[in-house]
$ cat structure.pdb   # PDB, C-alpha atoms, pLDDT in the B column
ATOM      1  CA  MET A   1     109.657 108.828 112.297  1.00 65.00           C
ATOM      2  CA  THR A   2     113.344 109.236 111.510  1.00 73.00           C
ATOM      3  CA  ARG A   3     114.891 111.401 108.790  1.00 75.00           C
ATOM      4  CA  ALA A   4     115.865 108.253 106.861  1.00 77.00           C
ATOM      5  CA  GLU A   5     112.228 107.105 106.811  1.00 74.00           C
ATOM      6  CA  ILE A   6     111.060 110.520 105.564  1.00 69.00           C
ATOM      7  CA  VAL A   7     113.688 110.410 102.790  1.00 71.00           C
ATOM      8  CA  ARG A   8     112.549 106.868 101.899  1.00 77.00           C
ATOM      9  CA  LEU A   9     108.946 108.080 101.670  1.00 73.00           C
ATOM     10  CA  ALA A  10     109.983 111.003  99.485  1.00 70.00           C
ATOM     11  CA  ARG A  11     111.710 108.553  97.116  1.00 75.00           C
ATOM     12  CA  CYS A  12     108.761 106.175  96.951  1.00 82.00           C
ATOM     13  CA  VAL A  13     106.558 108.808  95.249  1.00 82.00           C
ATOM     14  CA  VAL A  14     107.994 107.786  91.882  1.00 81.00           C
ATOM     15  CA  ARG A  15     107.282 104.099  92.495  1.00 83.00           C
ATOM     16  CA  ARG A  16     103.837 103.959  90.970  1.00 85.00           C
ATOM     17  CA  PRO A  17     102.227 102.768  87.700  1.00 87.00           C
ATOM     18  CA  ARG A  18     103.533 104.587  84.616  1.00 90.00           C
ATOM     19  CA  TRP A  19     100.184 106.245  83.794  1.00 92.00           C
ATOM     20  CA  GLN A  20      99.937 107.503  87.357  1.00 91.00           C
ATOM     21  CA  LEU A  21     103.500 108.855  87.210  1.00 91.00           C
ATOM     22  CA  VAL A  22     102.657 110.804  84.015  1.00 93.00           C
ATOM     23  CA  VAL A  23      99.578 112.291  85.727  1.00 94.00           C
ATOM     24  CA  ALA A  24     101.670 113.040  88.829  1.00 94.00           C
ATOM     25  CA  VAL A  25     104.313 114.906  86.789  1.00 94.00           C
ATOM     26  CA  LEU A  26     101.698 117.028  84.973  1.00 95.00           C
ATOM     27  CA  LEU A  27      99.808 117.793  88.188  1.00 95.00           C
ATOM     28  CA  SER A  28     103.082 118.473  89.995  1.00 95.00           C
ATOM     29  CA  ALA A  29     104.192 121.043  87.410  1.00 94.00           C
ATOM     30  CA  TRP A  30     100.764 122.714  87.464  1.00 94.00           C
ATOM     31  CA  THR A  31     100.625 122.834  91.265  1.00 95.00           C
ATOM     32  CA  LEU A  32     104.192 124.107  91.658  1.00 95.00           C
ATOM     33  CA  ALA A  33     103.616 126.862  89.086  1.00 93.00           C
ATOM     34  CA  TRP A  34     100.437 127.872  90.950  1.00 93.00           C
ATOM     35  CA  VAL A  35     102.220 127.948  94.324  1.00 93.00           C
ATOM     36  CA  LEU A  36     105.122 129.994  92.917  1.00 93.00           C
ATOM     37  CA  GLY A  37     102.607 132.231  91.141  1.00 91.00           C
ATOM     38  CA  GLN A  38     101.492 133.494  94.548  1.00 92.00           C
ATOM     39  CA  LEU A  39     104.779 135.440  94.749  1.00 90.00           C
ATOM     40  CA  ALA A  40     103.765 137.642  91.799  1.00 87.00           C
ATOM     41  CA  ASP A  41     102.377 141.145  92.319  1.00 87.00           C
ATOM     42  CA  GLU A  42      99.018 139.815  91.174  1.00 88.00           C
ATOM     43  CA  PRO A  43      98.751 136.207  92.442  1.00 89.00           C
ATOM     44  CA  LEU A  44      97.939 133.658  89.747  1.00 89.00           C
ATOM     45  CA  ARG A  45      94.905 131.408  89.749  1.00 90.00           C
ATOM     46  CA  PRO A  46      95.301 127.769  88.645  1.00 91.00           C
ATOM     47  CA  LEU A  47      93.807 128.454  85.199  1.00 90.00           C
ATOM     48  CA  ASP A  48      96.052 131.514  84.777  1.00 89.00           C
ATOM     49  CA  VAL A  49      98.983 129.099  84.864  1.00 88.00           C
ATOM     50  CA  LEU A  50      97.537 127.306  81.814  1.00 88.00           C
ATOM     51  CA  ALA A  51      97.027 130.530  79.831  1.00 83.00           C
ATOM     52  CA  TRP A  52     100.173 129.824  77.775  1.00 79.00           C
ATOM     53  CA  THR A  53      98.340 126.914  76.099  1.00 79.00           C
ATOM     54  CA  GLY A  54      96.151 129.371  74.217  1.00 79.00           C
ATOM     55  CA  ILE A  55      92.979 127.536  75.282  1.00 80.00           C
ATOM     56  CA  PRO A  56      90.237 130.056  76.157  1.00 82.00           C
ATOM     57  CA  LEU A  57      89.745 129.349  79.859  1.00 85.00           C
ATOM     58  CA  ASP A  58      88.199 132.668  80.904  1.00 85.00           C
ATOM     59  CA  SER A  59      84.669 131.278  80.849  1.00 87.00           C
ATOM     60  CA  ALA A  60      85.699 128.285  83.006  1.00 88.00           C
ATOM     61  CA  SER A  61      87.381 130.619  85.503  1.00 86.00           C
ATOM     62  CA  LEU A  62      84.315 132.871  85.649  1.00 90.00           C
ATOM     63  CA  TRP A  63      82.053 129.821  86.089  1.00 89.00           C
ATOM     64  CA  ALA A  64      84.198 128.635  89.015  1.00 89.00           C
ATOM     65  CA  ARG A  65      84.257 132.035  90.716  1.00 89.00           C
ATOM     66  CA  GLU A  66      80.474 132.338  90.466  1.00 90.00           C
ATOM     67  CA  ARG A  67      80.187 129.043  92.355  1.00 89.00           C
ATOM     68  CA  ALA A  68      82.912 129.736  94.934  1.00 88.00           C
ATOM     69  CA  ASP A  69      80.624 128.982  97.912  1.00 89.00           C
ATOM     70  CA  VAL A  70      80.112 125.426  96.653  1.00 90.00           C
ATOM     71  CA  LEU A  71      83.479 124.685  95.057  1.00 91.00           C
ATOM     72  CA  VAL A  72      85.462 125.793  98.115  1.00 92.00           C
ATOM     73  CA  TRP A  73      84.177 122.625  99.823  1.00 93.00           C
ATOM     74  CA  LEU A  74      86.274 120.649  97.363  1.00 94.00           C
ATOM     75  CA  ALA A  75      89.263 121.823  99.411  1.00 95.00           C
ATOM     76  CA  THR A  76      87.820 120.025 102.448  1.00 95.00           C
ATOM     77  CA  LEU A  77      87.413 116.860 100.386  1.00 96.00           C
ATOM     78  CA  GLY A  78      90.947 117.397  99.087  1.00 95.00           C
ATOM     79  CA  GLY A  79      92.313 117.507 102.639  1.00 95.00           C
ATOM     80  CA  LEU A  80      90.482 114.297 103.541  1.00 96.00           C
ATOM     81  CA  SER A  81      91.844 112.743 100.362  1.00 96.00           C
ATOM     82  CA  TRP A  82      95.358 113.773 101.444  1.00 95.00           C
ATOM     83  CA  ALA A  83      94.749 112.018 104.767  1.00 95.00           C
ATOM     84  CA  ALA A  84      93.881 108.801 102.895  1.00 94.00           C
ATOM     85  CA  THR A  85      97.286 108.679 101.166  1.00 93.00           C
ATOM     86  CA  THR A  86      99.510 105.664 101.897  1.00 91.00           C
ATOM     87  CA  GLU A  87     102.715 104.234 100.432  1.00 89.00           C
ATOM     88  CA  GLN A  88     100.745 101.646  98.447  1.00 89.00           C
ATOM     89  CA  GLY A  89      97.942 104.070  97.570  1.00 90.00           C
ATOM     90  CA  GLN A  90      99.345 107.430  96.483  1.00 91.00           C
ATOM     91  CA  LEU A  91      96.540 108.343  94.078  1.00 94.00           C
ATOM     92  CA  PRO A  92      94.500 110.132  96.821  1.00 95.00           C
ATOM     93  CA  ALA A  93      97.288 112.726  97.139  1.00 95.00           C
ATOM     94  CA  LEU A  94      96.909 113.579  93.434  1.00 95.00           C
ATOM     95  CA  ILE A  95      93.108 113.671  93.665  1.00 96.00           C
ATOM     96  CA  GLY A  96      93.396 115.907  96.721  1.00 96.00           C
ATOM     97  CA  TRP A  97      95.703 118.365  94.963  1.00 96.00           C
ATOM     98  CA  PHE A  98      93.388 118.506  91.942  1.00 96.00           C
ATOM     99  CA  ALA A  99      90.443 119.251  94.249  1.00 96.00           C
ATOM    100  CA  VAL A 100      92.481 122.031  95.888  1.00 96.00           C
ATOM    101  CA  LEU A 101      93.321 123.462  92.441  1.00 95.00           C
ATOM    102  CA  VAL A 102      89.615 123.620  91.559  1.00 94.00           C
ATOM    103  CA  ALA A 103      88.794 125.189  94.932  1.00 94.00           C
ATOM    104  CA  GLY A 104      91.696 127.611  94.455  1.00 93.00           C
ATOM    105  CA  GLU A 105      90.316 128.730  91.110  1.00 92.00           C
ATOM    106  CA  ALA A 106      86.977 129.442  92.766  1.00 91.00           C
ATOM    107  CA  ALA A 107      88.000 130.967  96.096  1.00 90.00           C
ATOM    108  CA  GLY A 108      91.716 131.764  95.873  1.00 90.00           C
ATOM    109  CA  TYR A 109      94.949 130.207  97.104  1.00 92.00           C
ATOM    110  CA  GLU A 110      94.794 130.821 100.839  1.00 92.00           C
ATOM    111  CA  PRO A 111      91.175 129.739 101.464  1.00 92.00           C
ATOM    112  CA  ALA A 112      91.684 126.557  99.430  1.00 94.00           C
ATOM    113  CA  VAL A 113      95.035 125.459 100.856  1.00 94.00           C
ATOM    114  CA  GLN A 114      94.224 126.442 104.430  1.00 95.00           C
ATOM    115  CA  ARG A 115      90.874 124.652 104.343  1.00 95.00           C
ATOM    116  CA  ALA A 116      92.483 121.505 102.922  1.00 95.00           C
ATOM    117  CA  MET A 117      95.237 121.508 105.538  1.00 96.00           C
ATOM    118  CA  LEU A 118      92.755 122.217 108.329  1.00 96.00           C
ATOM    119  CA  SER A 119      90.469 119.350 107.297  1.00 96.00           C
ATOM    120  CA  MET A 120      93.429 116.937 107.184  1.00 96.00           C
ATOM    121  CA  VAL A 121      94.702 118.070 110.603  1.00 96.00           C
ATOM    122  CA  VAL A 122      91.226 117.919 112.199  1.00 96.00           C
ATOM    123  CA  PHE A 123      90.721 114.405 110.829  1.00 95.00           C
ATOM    124  CA  LEU A 124      94.060 113.257 112.252  1.00 94.00           C
ATOM    125  CA  VAL A 125      93.385 114.927 115.620  1.00 93.00           C
ATOM    126  CA  VAL A 126      89.988 113.211 115.869  1.00 93.00           C
ATOM    127  CA  LEU A 127      91.589 109.851 115.032  1.00 90.00           C
ATOM    128  CA  GLY A 128      94.348 110.567 117.571  1.00 88.00           C
ATOM    129  CA  ALA A 129      91.750 111.286 120.270  1.00 88.00           C
ATOM    130  CA  VAL A 130      89.874 108.096 119.401  1.00 85.00           C
ATOM    131  CA  SER A 131      93.119 106.109 119.481  1.00 81.00           C
ATOM    132  CA  CYS A 132      93.864 107.199 123.057  1.00 81.00           C
ATOM    133  CA  THR A 133      90.856 105.183 124.258  1.00 76.00           C
ATOM    134  CA  GLY A 134      92.253 101.954 122.794  1.00 63.00           C
ATOM    135  CA  ARG A 135      95.971 102.360 123.355  1.00 58.00           C
ATOM    136  CA  ARG A 136      96.062  99.616 125.982  1.00 59.00           C
ATOM    137  CA  ALA A 137      93.988  97.257 123.891  1.00 54.00           C
ATOM    138  CA  PHE A 138      95.542  93.934 123.056  1.00 55.00           C
ATOM    139  CA  VAL A 139      94.874  93.490 119.348  1.00 54.00           C
ATOM    140  CA  VAL A 140      94.161  89.894 118.518  1.00 53.00           C
ATOM    141  CA  ASP A 141      90.852  89.451 116.772  1.00 58.00           C
ATOM    142  CA  ARG A 142      89.434  92.965 116.428  1.00 66.00           C
ATOM    143  CA  VAL A 143      90.322  96.196 114.692  1.00 69.00           C
ATOM    144  CA  ALA A 144      91.766  98.909 116.936  1.00 71.00           C
ATOM    145  CA  VAL A 145      92.996 102.452 116.393  1.00 74.00           C
ATOM    146  CA  MET A 146      96.416 102.785 118.035  1.00 80.00           C
ATOM    147  CA  PRO A 147      98.169 106.137 118.689  1.00 77.00           C
ATOM    148  CA  LYS A 148     101.504 105.094 117.144  1.00 85.00           C
ATOM    149  CA  ASP A 149      99.787 103.810 114.014  1.00 85.00           C
ATOM    150  CA  VAL A 150      97.750 107.012 113.675  1.00 87.00           C
ATOM    151  CA  ALA A 151     100.891 109.144 114.055  1.00 88.00           C
ATOM    152  CA  ARG A 152     102.864 107.054 111.553  1.00 89.00           C
ATOM    153  CA  ALA A 153     100.030 107.020 108.994  1.00 90.00           C
ATOM    154  CA  GLY A 154      99.494 110.776 109.425  1.00 92.00           C
ATOM    155  CA  ILE A 155     103.179 111.583 108.881  1.00 91.00           C
ATOM    156  CA  THR A 156     103.279 109.252 105.873  1.00 90.00           C
ATOM    157  CA  ALA A 157     100.230 110.941 104.334  1.00 92.00           C
ATOM    158  CA  ALA A 158     101.640 114.423 105.020  1.00 92.00           C
ATOM    159  CA  VAL A 159     105.039 113.658 103.471  1.00 89.00           C
ATOM    160  CA  LEU A 160     103.629 111.930 100.382  1.00 91.00           C
ATOM    161  CA  THR A 161     101.205 114.830  99.875  1.00 93.00           C
ATOM    162  CA  ALA A 162     103.768 117.579 100.449  1.00 92.00           C
ATOM    163  CA  VAL A 163     106.207 116.215  97.865  1.00 91.00           C
ATOM    164  CA  VAL A 164     103.635 116.102  95.036  1.00 92.00           C
ATOM    165  CA  PRO A 165     104.540 119.625  93.773  1.00 93.00           C
ATOM    166  CA  LEU A 166     108.208 118.590  93.803  1.00 92.00           C
ATOM    167  CA  ILE A 167     107.841 115.459  91.629  1.00 92.00           C
ATOM    168  CA  ALA A 168     108.301 117.226  88.263  1.00 92.00           C
ATOM    169  CA  PRO A 169     111.377 119.310  89.197  1.00 92.00           C
ATOM    170  CA  GLY A 170     112.828 116.388  91.161  1.00 88.00           C
ATOM    171  CA  LEU A 171     112.611 114.037  88.179  1.00 89.00           C
ATOM    172  CA  ALA A 172     114.002 116.725  85.854  1.00 91.00           C
ATOM    173  CA  ILE A 173     117.006 117.371  88.121  1.00 91.00           C
ATOM    174  CA  THR A 174     117.608 113.642  88.611  1.00 85.00           C
ATOM    175  CA  ARG A 175     117.545 113.052  84.848  1.00 87.00           C
ATOM    176  CA  LEU A 176     119.892 115.966  84.245  1.00 90.00           C
ATOM    177  CA  VAL A 177     122.417 115.006  86.926  1.00 87.00           C
ATOM    178  CA  SER A 178     122.323 111.189  86.681  1.00 83.00           C
ATOM    179  CA  PRO A 179     124.902 110.875  83.801  1.00 85.00           C
ATOM    180  CA  TYR A 180     127.434 112.763  85.929  1.00 87.00           C
ATOM    181  CA  VAL A 181     126.972 110.824  89.169  1.00 80.00           C
ATOM    182  CA  THR A 182     129.168 107.849  90.016  1.00 79.00           C
ATOM    183  CA  LYS A 183     127.193 105.177  91.798  1.00 75.00           C
ATOM    184  CA  PRO A 184     128.776 102.621  94.119  1.00 77.00           C
ATOM    185  CA  PRO A 185     128.570  98.973  93.067  1.00 79.00           C
ATOM    186  CA  ARG A 186     125.484  97.126  94.195  1.00 75.00           C
ATOM    187  CA  ARG A 187     125.840  94.654  96.979  1.00 75.00           C
ATOM    188  CA  LEU A 188     125.164  91.122  95.927  1.00 71.00           C
ATOM    189  CA  ARG A 189     122.668  89.210  97.975  1.00 70.00           C
ATOM    190  CA  PRO A 190     123.959  86.051  99.589  1.00 69.00           C
ATOM    191  CA  VAL A 191     122.615  83.042  97.711  1.00 61.00           C
ATOM    192  CA  ASP A 192     121.525  80.142  99.859  1.00 63.00           C
ATOM    193  CA  ALA A 193     122.555  77.306  97.581  1.00 57.00           C
ATOM    194  CA  PRO A 194     122.540  73.744  98.934  1.00 63.00           C
ATOM    195  CA  LEU A 195     125.983  72.254  99.392  1.00 56.00           C
ATOM    196  CA  LEU A 196     126.745  69.423  96.990  1.00 58.00           C
ATOM    197  CA  ARG A 197     128.228  66.251  98.419  1.00 60.00           C
ATOM    198  CA  GLU A 198     131.511  65.134  97.056  1.00 57.00           C
ATOM    199  CA  THR A 199     131.168  61.854  95.227  1.00 58.00           C
ATOM    200  CA  GLY A 200     133.747  59.289  94.551  1.00 52.00           C
TER     201      GLY A 200
END
$ encode --input "structure.pdb" --output "structure tokens"
Amino acid sequence: MTRAEIVRLARCVVRRPRWQLVVAVLLSAWTLAWVLGQLADEPLRPLDVLAWTGIPLDSASLWARERADVLVWLATLGGLSWAATTEQGQLPALIGWFAVLVAGEAAGYEPAVQRAMLSMVVFLVVLGAVSCTGRRAFVVDRVAVMPKDVARAGITAAVLTAVVPLIAPGLAITRLVSPYVTKPPRRLRPVDAPLLRETG
């Protein structure tokens, strides 16, 4: 996959239904704050990020930590959800990040993120191994798993998942800078109009 294709994928994250874009921006801001919160002397948990709202979340955080052995498995489901992300279906990336946030509240940042990434990578490796058995198959009337398709779908899922925390700051920067950017004129598409016969 070329750099231009990766850039195109990164741009397509904002091409989604409006309600989904609103959810993506909120989840993006929450996730990015959580990731950056790991740089603090005392790393933040996902619900610590929401403490500024004034909502009493201590009991929810305690409930999650008491069930860490169960909730940490949400990170595995989150990683599999990341693997299911496509250009046309980007909602699994958001669901996966939310699952990782819940697992992170229960077990911490590293166990949640590492487990999610590991489950996604293992899934793609298994599919890659399966695809090697059918790489010489001539696809006509049956479904086949092809190595190039697995690699392309895996890279697509990884890119669309990785840019989720960057959606909110990306949109904010774009909105801030756009009045000051000069855009080139759009190219007009050639119109295939039928030629009219001269009369007379």
$ atom_distance --input "structure.pdb" --atom1 "atom CA of Asp48 of chain A" --atom2 "atom CA of Val113 of chain A"
17.2 Å
$ atom_distance --input "structure.pdb" --atom1 "atom CA of Ala112 of chain A" --atom2 "atom CA of Thr76 of chain A"
8.2 Å
$ residues_around --input "structure.pdb" --residues "Thr156 of chain A" --least-positions-apart "6" --cutoff "10 Å" --atoms "all atoms listed in the file" --output "short mmCIF file (atom, residue, chain, number, x, y, z; two decimals) with C-alpha atoms, keeping the file's coordinate frame"
data_model
loop_
_atom_site.label_atom_id
_atom_site.label_comp_id
_atom_site.auth_asym_id
_atom_site.auth_seq_id
_atom_site.Cartn_x
_atom_site.Cartn_y
_atom_site.Cartn_z
CA MET A 1 109.66 108.83 112.30
CA GLU A 5 112.23 107.10 106.81
CA ILE A 6 111.06 110.52 105.56
CA LEU A 9 108.95 108.08 101.67
CA ALA A 10 109.98 111.00 99.48
CA ALA A 83 94.75 112.02 104.77
CA ALA A 84 93.88 108.80 102.90
CA THR A 85 97.29 108.68 101.17
CA THR A 86 99.51 105.66 101.90
CA GLU A 87 102.72 104.23 100.43
CA VAL A 150 97.75 107.01 113.68
CA ALA A 162 103.77 117.58 100.45
#
$ residues_around --input "structure.pdb" --residues "Gly108 of chain A" --least-positions-apart "5" --cutoff "12 Å" --atoms "all atoms listed in the file" --output "PyMOL selection string"
chain A and resi 34-35+37-38+42-48+61+64-65+68-69+71-72+75+100-103+113-115
$ closest_residue --input "structure.pdb" --among "A:Thr161, A:Ser59, A:Thr182, A:Thr53" --to "Glu105 of chain A" --atoms "all atoms listed in the file"
A:Ser59
$ resolve_selection --input "structure.pdb" --expression "the PyMOL selection byres ((chain A and resi 120) around 12)" --output "VMD selection string"
chain A and resid 75 to 85 93 96 113 to 119 121 to 127 154 to 155 157 to 158 161
$ axis_aligned_box --input "structure.pdb" --around "segment 32-50 of chain A" --padding-each-side "6 Å" --output "AutoDock Vina command-line options"
--center_x 99.5 --center_y 132.6 --center_z 88.3 --size_x 23.3 --size_y 29.0 --size_z 24.9
$ atom_distance --input "structure.pdb" --atom1 "atom CA of Pro184 of chain A" --atom2 "atom CA of Arg15 of chain A"
21.6 Å
$ residues_near_point --input "structure.pdb" --point "(102.1, 113.1, 92.7)" --cutoff "8 Å" --atoms "only C-alpha atoms" --output "NGL selection string"
:A and (13-14 or 21 or 23-25 or 27-28 or 90-91 or 93-94 or 160-161 or 163-165 or 167)
$ decode --input "structure.pdb" --residues "segment 107-126 of chain A" --atoms "N, CA, C and O atoms" --output "CSV table (one decimal), in the first residue's frame"
chain,number,residue,atom,x,y,z
A,107,ALA,N,-8.3,-2.7,33.9
A,107,ALA,CA,-7.0,-3.3,34.1
A,107,ALA,C,-5.8,-2.4,33.9
A,107,ALA,O,-4.7,-2.8,34.1
A,108,GLY,N,-6.0,-1.2,33.3
A,108,GLY,CA,-4.9,-0.3,33.1
A,108,GLY,C,-4.6,-0.1,31.6
A,108,GLY,O,-5.1,-0.9,30.8
A,109,TYR,N,-3.8,0.9,31.2
A,109,TYR,CA,-3.6,1.2,29.8
A,109,TYR,C,-2.8,0.1,29.1
A,109,TYR,O,-3.3,-0.4,28.1
A,110,GLU,N,-1.7,-0.3,29.6
A,110,GLU,CA,-0.9,-1.3,28.9
A,110,GLU,C,-1.6,-2.6,28.7
A,110,GLU,O,-1.6,-3.1,27.5
A,111,PRO,N,-2.1,-3.2,29.7
A,111,PRO,CA,-2.8,-4.5,29.5
A,111,PRO,C,-3.9,-4.4,28.4
A,111,PRO,O,-4.1,-5.3,27.6
A,112,ALA,N,-4.7,-3.3,28.5
A,112,ALA,CA,-5.8,-3.2,27.5
A,112,ALA,C,-5.3,-3.0,26.1
A,112,ALA,O,-5.8,-3.7,25.2
A,113,VAL,N,-4.5,-2.0,25.9
A,113,VAL,CA,-4.0,-1.7,24.5
A,113,VAL,C,-3.2,-2.9,24.0
A,113,VAL,O,-3.4,-3.2,22.8
A,114,GLN,N,-2.3,-3.4,24.7
A,114,GLN,CA,-1.5,-4.5,24.2
A,114,GLN,C,-2.3,-5.7,23.9
A,114,GLN,O,-2.1,-6.4,22.9
A,115,ARG,N,-3.3,-6.1,24.7
A,115,ARG,CA,-4.2,-7.2,24.4
A,115,ARG,C,-5.0,-7.0,23.2
A,115,ARG,O,-5.2,-7.9,22.4
A,116,ALA,N,-5.5,-5.7,23.0
A,116,ALA,CA,-6.3,-5.4,21.8
A,116,ALA,C,-5.4,-5.5,20.5
A,116,ALA,O,-5.8,-6.1,19.5
A,117,MET,N,-4.2,-5.0,20.6
A,117,MET,CA,-3.3,-5.0,19.4
A,117,MET,C,-2.9,-6.5,19.2
A,117,MET,O,-2.9,-6.9,18.0
A,118,LEU,N,-2.6,-7.2,20.2
A,118,LEU,CA,-2.2,-8.6,20.0
A,118,LEU,C,-3.4,-9.5,19.4
A,118,LEU,O,-3.1,-10.3,18.5
A,119,SER,N,-4.6,-9.2,19.8
A,119,SER,CA,-5.7,-10.0,19.3
A,119,SER,C,-5.9,-9.7,17.8
A,119,SER,O,-6.2,-10.5,17.0
A,120,MET,N,-5.7,-8.4,17.4
A,120,MET,CA,-5.9,-8.0,16.0
A,120,MET,C,-4.8,-8.6,15.2
A,120,MET,O,-5.0,-9.2,14.1
A,121,VAL,N,-3.5,-8.6,15.7
A,121,VAL,CA,-2.4,-9.1,14.9
A,121,VAL,C,-2.5,-10.6,14.8
A,121,VAL,O,-2.3,-11.2,13.7
A,122,VAL,N,-2.9,-11.3,15.9
A,122,VAL,CA,-3.1,-12.8,15.8
A,122,VAL,C,-4.2,-13.2,14.8
A,122,VAL,O,-4.0,-14.1,14.0
A,123,PHE,N,-5.3,-12.4,14.8
A,123,PHE,CA,-6.3,-12.7,13.8
A,123,PHE,C,-5.8,-12.5,12.4
A,123,PHE,O,-6.1,-13.4,11.5
A,124,LEU,N,-5.1,-11.4,12.1
A,124,LEU,CA,-4.6,-11.2,10.8
A,124,LEU,C,-3.5,-12.2,10.4
A,124,LEU,O,-3.5,-12.7,9.2
A,125,VAL,N,-2.7,-12.7,11.3
A,125,VAL,CA,-1.7,-13.7,11.0
A,125,VAL,C,-2.4,-15.0,10.7
A,125,VAL,O,-2.0,-15.7,9.8
A,126,VAL,N,-3.4,-15.4,11.5
A,126,VAL,CA,-4.2,-16.6,11.2
A,126,VAL,C,-4.8,-16.6,9.8
A,126,VAL,O,-4.7,-17.5,9.0
